[in-house]
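Read through the structure below, which is laid out as C-alpha cells, and then see the notes.
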Amino acid sequence: MNDSVFHQLYEKYHHDVFKFLIYLTRNRELAEDLVHEVYVKVLRSYQNFKGESTEKTWLFSIAKNVAIDYFRKQSVRRKHAADHFDWEKSELVGEAPSPDEFTVLNEQMQELLQALDTCTEDQKFVIHLRFLHDLSIIETAEILNWTESKVKTTQHRAIKALRRKLTTFPVERGKADHAQKME
C-alpha cells in the first residue's frame with residue numbers, strides 16, 4: 001500500500017471511523033487508541049482488500065472487529081481483576097456519559113440516545129450504521145456479516161421500539177417532574 005492511498009483512506013474516513021468507535025466504546029480516549037489500531041490493520045491488510053465492498057464498509061468492519069477484540073480482552077482481564085479487586089477501597093464508575101458530556105447533547109438527542117439504549121445490541125448497531133453513518137442496507141449487512149433481510153428486519157424492529165419508547169418518554173418525564181414538584 002503506498003502512502004498516498006493510505007492518506008486518502010485516512011482523510012476520507014477517519015472521522016466516520018472515529019465516531020463509530022466512540023459510539024461503540026463510549027470513551028473518546030479509547031476510541032482514539034482503537035482508531036490507531038484500525039489503521040495499523042489497514043496498513044497490514046490492504047493488499048488483501050478485494051474491492052468486493054466499499055472501502056468505507058471494509059474500514060467499518062475492521063473497526064467493529066477491533067472493538068470486539070478489545071472488549072473480549074477486557075472481559076478476560078476483568079474476570080482476573082475481580083479476584084484481586086478491593087471492594088472496600090475502590091469506587092465503581094459506570095460507562096455512561098458523564099453529566100457534562102450529557103448536557104452538551106440537546107434534549108431530543110438525549111431522548112433518542114436513551115431510547116436507543118433500551119434496544120438490543122443488534123438494533124443499536126443497525127440504527128447507528130444506517131442512520132448515523134448513512135450506510136446502505138447492503139453495506140450494513142456486509143459490516144455485520146448478516147443477510148440483507150436480517151438488517152431490514154432488525155431495523156424495522158428497532159424503529160418500532162424507538163417509536164414506542166419515544167412516545168412514552170414525555171409521559172415518564174412528566175411523571176418524574178410531577179414527583180419532584182411534590183417533594
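Lettering and numbering for the C-alpha cells are positional, with chains as A, B, ... in the shown order, residues counted from 1 in each chain, and ligands counted from 1 in the shown order.
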
- Query: Got a sec: who's within 10 Å of region 40-44 of chain A, counting only C-alpha atoms, leaving out chain neighbours fewer than 3 positions off, as a list of chain:residue names?
  - Reply: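 The filter keeps A:Met1, A:Asn2, A:Asp3, A:Phe6, A:Leu9, A:Tyr10, A:Leu34, A:Val35, A:His36, A:Glu37, A:Gln47, A:Asn48, A:Phe49, A:Trp58, A:Leu59, A:Ile62, A:Ala63, A:Val66.
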
- Item | Selection near Glu148 (chain A), 10 Å with only C-alpha atoms, sequence-local residues under 6 positions removed, as a PyMOL selection string | chain A and resi 136-142+154

Would you save the residues from that selection as an mmCIF file, in the first residue's frame, using N, CA and C atoms?
```cif
data_model
loop_
_atom_site.group_PDB
_atom_site.id
_atom_site.type_symbol
_atom_site.label_atom_id
_atom_site.label_comp_id
_atom_site.auth_asym_id
_atom_site.auth_seq_id
_atom_site.Cartn_x
_atom_site.Cartn_y
_atom_site.Cartn_z
ATOM 1 N N SER A 136 -25.815 2.021 3.556
ATOM 2 C CA SER A 136 -26.938 1.329 2.934
ATOM 3 C C SER A 136 -27.205 0.016 3.671
ATOM 4 N N ILE A 137 -28.301 -0.615 3.327
ATOM 5 C CA ILE A 137 -28.619 -1.919 3.910
ATOM 6 C C ILE A 137 -27.552 -2.931 3.507
ATOM 7 N N ILE A 138 -27.130 -2.881 2.271
ATOM 8 C CA ILE A 138 -26.095 -3.801 1.790
ATOM 9 C C ILE A 138 -24.795 -3.598 2.564
ATOM 10 N N GLU A 139 -24.369 -2.344 2.720
ATOM 11 C CA GLU A 139 -23.130 -2.057 3.453
ATOM 12 C C GLU A 139 -23.240 -2.489 4.914
ATOM 13 N N THR A 140 -24.393 -2.226 5.527
ATOM 14 C CA THR A 140 -24.611 -2.631 6.913
ATOM 15 C C THR A 140 -24.535 -4.144 7.042
ATOM 16 N N ALA A 141 -25.147 -4.842 6.111
ATOM 17 C CA ALA A 141 -25.111 -6.310 6.125
ATOM 18 C C ALA A 141 -23.675 -6.817 5.995
ATOM 19 N N GLU A 142 -22.894 -6.186 5.136
ATOM 20 C CA GLU A 142 -21.502 -6.603 4.958
ATOM 21 C C GLU A 142 -20.691 -6.378 6.232
ATOM 22 N N THR A 154 -34.199 -6.268 11.538
ATOM 23 C CA THR A 154 -33.678 -5.660 12.767
ATOM 24 C C THR A 154 -33.942 -4.158 12.768
#
```

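Minimum atom-to-atom distance to Tyr23 (chain A), evaluated using only C-alpha atoms, belongs to A:Phe125 out of A:Tyr46, A:Tyr70, A:Phe125, A:Tyr39.
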
- Item | Counting only C-alpha atoms, the residue of A:Lys19, A:Arg72, A:His7, A:Lys152 that sits nearest Val126 (chain A) |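 Smallest distance to Val126 (chain A) is found for A:Lys152.
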
- Message: Counting only C-alpha atoms, which residue out of A:Lys12, A:Arg130, A:Leu166, A:Ala31 sits closest to Gln110 (chain A)?
- Response: A:Leu166

- Write out as a ChimeraX atom specification each polymer residue whose atoms come within 12 Å of Asp134 (chain A), counting only C-alpha atoms; drop sequence neighbours fewer than 6 positions from it. /A:16,20,56-57,126-128,140

Write a file of the selected residues as a short mmCIF file (atom, residue, chain, number, x, y, z; two decimals), in the first residue's frame, keeping C-alpha atoms.
```cif
data_model
loop_
_atom_site.label_atom_id
_atom_site.label_comp_id
_atom_site.auth_asym_id
_atom_site.auth_seq_id
_atom_site.Cartn_x
_atom_site.Cartn_y
_atom_site.Cartn_z
CA ASP A 16 -16.53 8.42 10.49
CA PHE A 20 -18.28 4.83 15.12
CA LYS A 56 -15.83 2.54 3.99
CA THR A 57 -17.62 -0.75 4.60
CA VAL A 126 -28.16 -1.28 12.72
CA ILE A 127 -29.59 2.12 13.71
CA HIS A 128 -26.12 3.55 14.22
CA THR A 140 -24.61 -2.63 6.91
#
```

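For the choices A:Ala115, A:Leu129, A:Ile143, A:Val17, the atom-to-atom distance to Gln155 (chain A) is smallest for A:Leu129 when using only C-alpha atoms.
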
- What is the distance between CA of Asn27 (chain A) and CA of Ala67 (chain A), in Å to one decimal?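 Between CA of Asn27 (chain A) and CA of Ala67 (chain A) the gap is 11.6 Å.
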
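Residue nearest Phe71 (chain A) within the list A:Leu24, A:Lys165, A:Thr118, A:Trp146: A:Leu24 [criterion: smallest interatomic distance, only C-alpha atoms].
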